[in-house]
file protein_1.pdb (PDB, C-alpha atoms)
ATOM      1  CA  MET A 309     197.251 139.226  75.989  1.00  0.00           C
ATOM      2  CA  ASN A 310     193.943 138.952  74.181  1.00  0.00           C
ATOM      3  CA  ASN A 311     194.275 137.315  70.759  1.00  0.00           C
ATOM      4  CA  LYS A 312     190.549 137.169  70.029  1.00  0.00           C
ATOM      5  CA  CYS A 313     190.903 139.169  66.788  1.00  0.00           C
ATOM      6  CA  LEU A 314     193.787 136.983  65.582  1.00  0.00           C
ATOM      7  CA  ASP A 315     191.806 133.880  66.546  1.00  0.00           C
ATOM      8  CA  CYS A 316     188.808 135.043  64.509  1.00  0.00           C
ATOM      9  CA  ILE A 317     190.954 135.901  61.485  1.00  0.00           C
ATOM     10  CA  ALA A 318     192.758 132.559  61.595  1.00  0.00           C
ATOM     11  CA  LEU A 319     189.480 130.681  62.005  1.00  0.00           C
ATOM     12  CA  THR A 320     187.898 132.548  59.072  1.00  0.00           C
ATOM     13  CA  ILE A 321     190.883 131.799  56.830  1.00  0.00           C
ATOM     14  CA  ALA A 322     190.840 128.137  57.863  1.00  0.00           C
ATOM     15  CA  ILE A 323     187.106 127.895  57.119  1.00  0.00           C
ATOM     16  CA  ILE A 324     187.642 129.405  53.664  1.00  0.00           C
ATOM     17  CA  GLY A 325     190.413 126.858  53.091  1.00  0.00           C
ATOM     18  CA  ALA A 326     188.152 124.046  54.267  1.00  0.00           C
ATOM     19  CA  VAL A 327     185.409 125.137  51.865  1.00  0.00           C
ATOM     20  CA  ASN A 328     187.970 125.139  49.044  1.00  0.00           C
ATOM     21  CA  TRP A 329     189.085 121.598  50.005  1.00  0.00           C
ATOM     22  CA  GLY A 330     185.435 120.541  50.087  1.00  0.00           C
ATOM     23  CA  LEU A 331     184.949 121.878  46.573  1.00  0.00           C
ATOM     24  CA  ILE A 332     188.033 119.974  45.439  1.00  0.00           C
ATOM     25  CA  GLY A 333     186.875 116.769  47.105  1.00  0.00           C
ATOM     26  CA  PHE A 334     183.258 116.831  45.964  1.00  0.00           C
ATOM     27  CA  PHE A 335     183.469 118.524  42.586  1.00  0.00           C
ATOM     28  CA  SER A 336     187.174 118.515  41.566  1.00  0.00           C
ATOM     29  CA  PHE A 337     186.946 122.307  41.474  1.00  0.00           C
ATOM     30  CA  ASP A 338     189.750 124.387  42.997  1.00  0.00           C
ATOM     31  CA  LEU A 339     188.278 127.845  43.626  1.00  0.00           C
ATOM     32  CA  VAL A 340     191.639 129.457  44.418  1.00  0.00           C
ATOM     33  CA  ALA A 341     193.170 128.162  41.182  1.00  0.00           C
ATOM     34  CA  PHE A 342     190.064 129.255  39.278  1.00  0.00           C
ATOM     35  CA  ILE A 343     190.258 132.824  40.600  1.00  0.00           C
ATOM     36  CA  PHE A 344     194.025 133.373  40.781  1.00  0.00           C
ATOM     37  CA  GLY A 345     195.490 130.812  38.386  1.00  0.00           C
ATOM     38  CA  ASN A 346     196.947 127.379  38.872  1.00  0.00           C
ATOM     39  CA  MET A 347     199.898 127.739  41.282  1.00  0.00           C
ATOM     40  CA  SER A 348     200.483 131.405  40.491  1.00  0.00           C
ATOM     41  CA  TRP A 349     202.417 133.355  43.095  1.00  0.00           C
ATOM     42  CA  ILE A 350     199.238 134.762  44.639  1.00  0.00           C
ATOM     43  CA  SER A 351     197.560 131.358  44.870  1.00  0.00           C
ATOM     44  CA  ARG A 352     200.701 129.957  46.509  1.00  0.00           C
ATOM     45  CA  ILE A 353     200.550 132.790  49.065  1.00  0.00           C
ATOM     46  CA  ILE A 354     196.891 132.027  49.751  1.00  0.00           C
ATOM     47  CA  TYR A 355     197.654 128.323  50.265  1.00  0.00           C
ATOM     48  CA  ALA A 356     200.531 129.256  52.600  1.00  0.00           C
ATOM     49  CA  VAL A 357     198.355 131.628  54.659  1.00  0.00           C
ATOM     50  CA  VAL A 358     195.675 128.939  55.002  1.00  0.00           C
ATOM     51  CA  GLY A 359     198.342 126.480  56.145  1.00  0.00           C
ATOM     52  CA  ILE A 360     199.778 128.924  58.676  1.00  0.00           C
ATOM     53  CA  SER A 361     196.270 129.603  59.990  1.00  0.00           C
ATOM     54  CA  GLY A 362     195.727 125.879  60.422  1.00  0.00           C
ATOM     55  CA  LEU A 363     198.968 125.535  62.335  1.00  0.00           C
ATOM     56  CA  TYR A 364     198.013 128.471  64.547  1.00  0.00           C
ATOM     57  CA  LEU A 365     194.619 126.904  65.243  1.00  0.00           C
ATOM     58  CA  ILE A 366     196.341 123.817  66.650  1.00  0.00           C
ATOM     59  CA  THR A 367     196.816 125.951  69.771  1.00  0.00           C
ATOM     60  CA  PHE A 368     193.047 125.803  70.267  1.00  0.00           C
ATOM     61  CA  TYR A 369     193.497 122.254  71.562  1.00  0.00           C
ATOM     62  CA  MET A 370     195.213 123.697  74.629  1.00  0.00           C
ATOM     63  CA  TYR A 371     191.990 125.517  75.470  1.00  0.00           C
ATOM     64  CA  ALA A 372     189.587 122.676  74.682  1.00  0.00           C
ATOM     65  CA  GLY A 373     187.752 121.313  77.659  1.00  0.00           C
ATOM     66  CA  GLY A 374     187.630 124.569  79.590  1.00  0.00           C
ATOM     67  CA  ILE A 375     191.325 125.123  80.315  1.00  0.00           C
ATOM     68  CA  ASP A 376     191.715 128.755  81.351  1.00  0.00           C
ATOM     69  CA  ARG A 377     194.148 130.946  79.385  1.00  0.00           C
ATOM     70  CA  ALA A 378     195.157 132.792  82.545  1.00  0.00           C
ATOM     71  CA  ARG A 379     196.796 129.670  83.953  1.00  0.00           C
ATOM     72  CA  ASP A 380     199.471 129.553  81.195  1.00  0.00           C
TER      73      ASP A 380
END
call {"tool": "encode", "arguments": {"input": "protein_1.pdb", "output": "structure tokens"}}
result
Amino acid sequence: MNNKCLDCIALTIAIIGAVNWGLIGFFSFDLVAFIFGNMSWISRIIYAVVGISGLYLITFYMYAGGIDRARD
């Protein structure tokens, strides 16, 4: 089964989360909290989706180094 679309979505969400963490680390500015409020229900959902995307992207390590998906 081809999960290329899901892979791209998860990677995009993880990159957005990484940019937010970079803003927090360098400038003490939380973009999600700024836009949606500090720990509001929507910001908590966004943080959860970023976390789930990160966990999903752990599966990329199985494919690192040229391991073929068809051999699973």
call {"tool": "atom_distance", "arguments": {"input": "protein_1.pdb", "atom1": "CA of Gly330 (chain A)", "atom2": "CA of Tyr355 (chain A)"}}
result
14.5 Å
call {"tool": "closest_residue", "arguments": {"input": "protein_1.pdb", "among": "A:Leu365, A:Val340, A:Val327, A:Ile332", "to": "Leu314 (chain A)", "atoms": "all atoms listed in the file"}}
result
A:Leu365
call {"tool": "residues_around", "arguments": {"input": "protein_1.pdb", "residues": "Lys312 (chain A)", "least_positions_apart": "5", "cutoff": "12 Å", "atoms": "only C-alpha atoms", "output": "list in words"}}
result
Ile317, Ala318, Leu319, Phe368 and Arg377 of chain A
call {"tool": "closest_residue", "arguments": {"input": "protein_1.pdb", "among": "A:Asn311, A:Ser361, A:Asn328, A:Thr320", "to": "Ile343 (chain A)", "atoms": "only C-alpha atoms"}}
result
A:Asn328
call {"tool": "atom_distance", "arguments": {"input": "protein_1.pdb", "atom1": "CA of Gly359 (chain A)", "atom2": "CA of Ser336 (chain A)"}}
result
20.0 Å
call {"tool": "atom_distance", "arguments": {"input": "protein_1.pdb", "atom1": "CA of Ile324 (chain A)", "atom2": "CA of Val358 (chain A)"}}
result
8.2 Å
call {"tool": "residues_near_point", "arguments": {"input": "protein_1.pdb", "point": "(195.7, 129.0, 45.7)", "cutoff": "12 Å", "atoms": "only C-alpha atoms", "output": "PyMOL selection string"}}
result
chain A and resi 324-325+328-329+332+337-359
